[in-house]
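Asks: Dropping a structure here in structure tokens format, bear with me for questions.
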Amino acid sequence: MTSEPRLPTVLGFDPNDPALSSLPTPSLLLDLDALDRNLERMNGYLEEHGRFARPHTKTHKSPQIAQRQLSQSRTVGICCARISEAEAMVAAGIDKVLVTSPITTAEKIERFVALSTAAGSGIWTVVDGDLGVRRLADEAQRQATTCNVIIDLDPGFHRTGVTMGAPAVALAQLVASRPSLVLRGLQMYAGTLMHLEDAVERRTKAAALWDQAVATADAIKAAGIPCDVLTGGGTGTFNIDADLGTASDQQVGSYVFMDAQYRVIENSLSAGEQAPFDYFEPSLFVLASAVSQSVPQLITVDAGFKALACDHIPEIAQFPGMRFHFGGDEHGMIEVHEQTDAIQLGDRVVLLVSHCDPTVNLHQHYVTLRDGNIAGTWEIAARGVA
């Protein structure tokens, strides 16, 4: 995938403004004005198409952002990738949570059942195999409670999920046979589609997978088992999924921030009509400082592997023609070429993050900005890997 941006970054703040001079670098900046516009745009699109969202908090790991998402009229709940994320959200008073990764270990199953018991019937998890179903059912029975589950479908990536069709029906029958479990529906998340650059290819593959998921849901219902929810999708297919009208709700996540990975794909509102993926705007940045310049063509900033996810290249927000290179744990190197005076030593440099989810996980808090000024800090309460 190319790292060349398709569109310029519009900043709502001046990184060298004296009002921001107190910030240490690297700092994770969140532009609240851009965030709010992204939330409103997603909600408006879903409302226009009669669809709903179940936003994924693995992107931001923040109860404050999750509460903002839940305040939108088309949001039915939130998603968490891990038990620890779900625990942080429930601790903040959020009681509509779907854990989207299967759990099979006794420790995590015990934690989930305890969380479900404490928080109520709005806490769900996915299952994708016999072992997980049996262990979850047994623990729920031991704790004298009932757990709500979604069957995770494999879209062909073979990372998680049960094969669609007959294997998924058999798993649904196993769930239905356990009194301590309630089957709520299916999940089909095709993560491999989210960053396909060609919009027509993305649409074609998404439609085919949703057809298989619907056929699986129909087969489960034909077996006499209720299957009301079909959740999945993501930011890269948000308009495709809404247009198809198949999913009961969409697990969009990165739309709140956007990042360099998403800015190189095409967005198509209909097959054959290609356009830049610019419906949402960048709101998340890493603020760095220029700290060294050994040669005129390169200037070094104090943000490297420890400040930015390294599975893609960040963009230089103020200077879209410049290229960033990772220079190690603590440093990044910017090719300034003939613009040797554009960045001076001591200047602040704004980096549009490479991949928002893992970048957020590297930081302890957001520095929030409103109208270009520091508004406060938000703890990234659900960061971590447990």
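Chain labels follow the order of the structure tokens: the first chain is A, the next B, and so on; residue numbering restarts at 1 in every chain, and ligands are counted from 1 in their shown order.
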Need the shell around segment 92-95 of chain A: protein/DNA/RNA residues with any atom at most 9 Å away, counting only C-alpha atoms. Skip same-chain ones fewer than 2 positions apart. Format as a list in words?
Replies: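 The residues satisfying every condition are Pro63, Gln64, Ala66, Gln67, Leu70, Gly77, Ile78, Ala86, Glu87, Ala88, Met89, Val90, Val97, Ala119, Gly120, Ser121, Gly122 and Ile123 of chain A.
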Asks: List the neighbours of segment 299-307 of chain A out to 9 Å using only C-alpha atoms; skip same-chain residues closer than 3 positions along the sequence, and give me the result as a ChimeraX atom specification.
Replies: /A:25-28,286-296,310,325-336,340,343-345,348-349,359-360,362-363
Asks: Nearest to Met194 of chain A among A:Met258, A:Leu351, A:Ile103, A:Ile265, with distances taken over only C-alpha atoms: which residue is it?
Replies: A:Ile265
Asks: Please produce, as CSV, a per-residue contact table for segment 47-117 of chain A versus segment 170-184 of chain A (criterion: any atom at most 12 Å away, only C-alpha atoms considered), showing the nearest atom pair and its distance in Å to one decimal, sorted by chain then residue number.
Replies:
```
residue,atom,partner,partner_atom,distance
A:Leu98,CA,A:Arg184,CA,10.9
A:Val113,CA,A:Ser180,CA,10.8
A:Ser116,CA,A:Leu181,CA,11.8
```
Asks: Go ahead and save the picked residues with N, CA and C atoms, as a PDB file, in the first residue's frame.
Replies:
```pdb
ATOM      1  N   LEU A  98     -20.452  -5.338  23.759  1.00  0.00           N
ATOM      2  CA  LEU A  98     -20.200  -6.625  23.111  1.00  0.00           C
ATOM      3  C   LEU A  98     -18.693  -6.839  23.036  1.00  0.00           C
ATOM      4  N   VAL A 113     -18.130 -13.575  32.989  1.00  0.00           N
ATOM      5  CA  VAL A 113     -19.388 -13.935  33.646  1.00  0.00           C
ATOM      6  C   VAL A 113     -19.627 -13.039  34.854  1.00  0.00           C
ATOM      7  N   SER A 116     -20.768  -9.714  33.475  1.00  0.00           N
ATOM      8  CA  SER A 116     -22.141  -9.821  32.992  1.00  0.00           C
ATOM      9  C   SER A 116     -23.128  -9.862  34.153  1.00  0.00           C
TER      10      SER A 116
END
```
Asks: Hey, which of A:Gly50, A:Pro276, A:Gly233, A:Gly384 ends up closest to Ser73 of chain A? Count only C-alpha atoms.
Replies: A:Gly50
Asks: Please provide the set of residues having any atom within 10 Å of Leu11 of chain A, restricted to only C-alpha atoms, with same-chain residues fewer than 4 positions apart removed, written as a ChimeraX atom specification.
Replies: /A:15,31,34,281-283,285,317-318,350,372
Asks: Counting only C-alpha atoms, what is within 12 Å of Glu110 of chain A, bar same-chain residues fewer than 5 positions away, as an MDAnalysis selection string?
Replies: chainID A and resid 83 103:105 115:117 132 135:143 145 147
Asks: Going by DSSP on the backbone, which residues of segment 132-306 of chain A come out as strand (DSSP E)? List them as a ChimeraX atom specification.
Replies: /A:147-154,162-163,181-188,229-232,249-250,266-270,273-276,284-292,298-301
Asks: Looking at only C-alpha atoms, which of A:Ser21, A:Thr9, A:Thr146, A:Ala168 is the one that sits closest to Ala114 of chain A?
Replies: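 Residue with the minimum atom-to-atom distance to Ala114 of chain A: A:Thr146.
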Asks: Asp241 of chain A: which residues within 9 Å, counting only C-alpha atoms, same-chain residues fewer than 4 positions away excluded, as a PDB file with N, CA and C atoms, in the first residue's frame?
Replies:
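So the final result, stored in out_5.pdb, reads:
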```
ATOM      1  N   ARG A 203     -16.394  -3.326  -2.292  1.00  0.00           N
ATOM      2  CA  ARG A 203     -17.846  -3.483  -2.301  1.00  0.00           C
ATOM      3  C   ARG A 203     -18.254  -4.892  -2.734  1.00  0.00           C
ATOM      4  N   ALA A 206     -17.397  -7.444   0.022  1.00  0.00           N
ATOM      5  CA  ALA A 206     -18.250  -7.261   1.198  1.00  0.00           C
ATOM      6  C   ALA A 206     -19.649  -7.811   0.943  1.00  0.00           C
ATOM      7  N   ALA A 207     -20.198  -7.518  -0.230  1.00  0.00           N
ATOM      8  CA  ALA A 207     -21.546  -7.990  -0.551  1.00  0.00           C
ATOM      9  C   ALA A 207     -21.611  -9.512  -0.550  1.00  0.00           C
ATOM     10  N   TRP A 210     -21.550 -10.765   3.092  1.00  0.00           N
ATOM     11  CA  TRP A 210     -22.823 -10.520   3.780  1.00  0.00           C
ATOM     12  C   TRP A 210     -23.897 -11.493   3.289  1.00  0.00           C
ATOM     13  N   GLY A 232     -21.394  -6.309  12.484  1.00  0.00           N
ATOM     14  CA  GLY A 232     -20.077  -6.405  11.856  1.00  0.00           C
ATOM     15  C   GLY A 232     -19.771  -5.198  10.997  1.00  0.00           C
ATOM     16  N   GLY A 233     -18.842  -5.383  10.072  1.00  0.00           N
ATOM     17  CA  GLY A 233     -18.418  -4.278   9.233  1.00  0.00           C
ATOM     18  C   GLY A 233     -17.450  -3.370   9.965  1.00  0.00           C
ATOM     19  N   GLY A 234     -17.091  -2.255   9.326  1.00  0.00           N
ATOM     20  CA  GLY A 234     -16.135  -1.342   9.924  1.00  0.00           C
ATOM     21  C   GLY A 234     -16.079  -0.036   9.165  1.00  0.00           C
ATOM     22  N   THR A 237     -15.770  -0.023   5.269  1.00  0.00           N
ATOM     23  CA  THR A 237     -16.948  -0.436   4.497  1.00  0.00           C
ATOM     24  C   THR A 237     -18.217   0.217   5.034  1.00  0.00           C
ATOM     25  N   GLY A 245     -27.612  -2.659   3.547  1.00  0.00           N
ATOM     26  CA  GLY A 245     -28.723  -2.798   4.487  1.00  0.00           C
ATOM     27  C   GLY A 245     -28.841  -4.174   5.096  1.00  0.00           C
ATOM     28  N   THR A 246     -27.731  -4.903   5.167  1.00  0.00           N
ATOM     29  CA  THR A 246     -27.771  -6.279   5.654  1.00  0.00           C
ATOM     30  C   THR A 246     -27.545  -6.359   7.158  1.00  0.00           C
ATOM     31  N   ALA A 247     -26.530  -5.672   7.636  1.00  0.00           N
ATOM     32  CA  ALA A 247     -26.188  -5.743   9.057  1.00  0.00           C
ATOM     33  C   ALA A 247     -27.242  -5.035   9.897  1.00  0.00           C
ATOM     34  N   GLN A 250     -23.479  -1.719  12.684  1.00  0.00           N
ATOM     35  CA  GLN A 250     -22.148  -1.691  12.102  1.00  0.00           C
ATOM     36  C   GLN A 250     -21.094  -1.351  13.158  1.00  0.00           C
TER      37      GLN A 250
END
```
Asks: Name the residues in contact with segment 59-61 of chain A at a cut-off of 8 Å, using only C-alpha atoms, excluding same-chain residues fewer than 3 positions from it; report them as a list in words.
Replies: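 So, after excluding close chain neighbours, the residues are His56, Ile65, Glu85, Gly253, Ser254, Cys356, Asp357, Pro358, Val360, Asn361, Ile380, Ala381, Ala382 and Arg383 of chain A.
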Asks: Those same residues - N, CA and C atoms - I'd like them written as a tab-separated table (two decimals), in the first residue's frame.
Replies:
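And here's selection_15.tsv as it stands now:
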```
chain	number	residue	atom	x	y	z
A	56	HIS	N	-16.78	0.48	17.76
A	56	HIS	CA	-15.74	-0.33	18.38
A	56	HIS	C	-14.80	0.56	19.17
A	65	ILE	N	-15.03	9.02	25.04
A	65	ILE	CA	-15.43	8.95	23.63
A	65	ILE	C	-16.59	7.98	23.46
A	85	GLU	N	-10.95	-4.08	28.31
A	85	GLU	CA	-11.62	-2.92	27.76
A	85	GLU	C	-13.07	-2.86	28.24
A	253	GLY	N	-15.17	1.96	13.81
A	253	GLY	CA	-14.26	2.37	14.87
A	253	GLY	C	-13.38	3.54	14.50
A	254	SER	N	-12.56	3.39	13.47
A	254	SER	CA	-11.53	4.39	13.16
A	254	SER	C	-12.08	5.71	12.65
A	356	CYS	N	-4.29	4.22	14.09
A	356	CYS	CA	-4.78	4.84	15.33
A	356	CYS	C	-4.85	3.87	16.51
A	357	ASP	N	-5.39	2.67	16.32
A	357	ASP	CA	-5.62	1.77	17.46
A	357	ASP	C	-4.34	1.47	18.24
A	358	PRO	N	-3.29	0.92	17.61
A	358	PRO	CA	-2.08	0.62	18.38
A	358	PRO	C	-1.32	1.86	18.82
A	360	VAL	N	-2.75	4.63	19.97
A	360	VAL	CA	-3.42	5.02	21.22
A	360	VAL	C	-2.93	4.15	22.37
A	361	ASN	N	-2.72	2.88	22.12
A	361	ASN	CA	-2.33	1.95	23.18
A	361	ASN	C	-0.94	2.26	23.74
A	380	ILE	N	-6.54	7.28	29.02
A	380	ILE	CA	-6.87	6.19	28.11
A	380	ILE	C	-7.09	4.96	29.00
A	381	ALA	N	-8.27	4.88	29.55
A	381	ALA	CA	-8.57	3.98	30.66
A	381	ALA	C	-8.49	2.51	30.28
A	382	ALA	N	-8.73	2.19	29.01
A	382	ALA	CA	-8.81	0.78	28.61
A	382	ALA	C	-7.55	0.32	27.86
A	383	ARG	N	-6.44	1.07	27.97
A	383	ARG	CA	-5.23	0.65	27.29
A	383	ARG	C	-4.67	-0.59	27.97
```
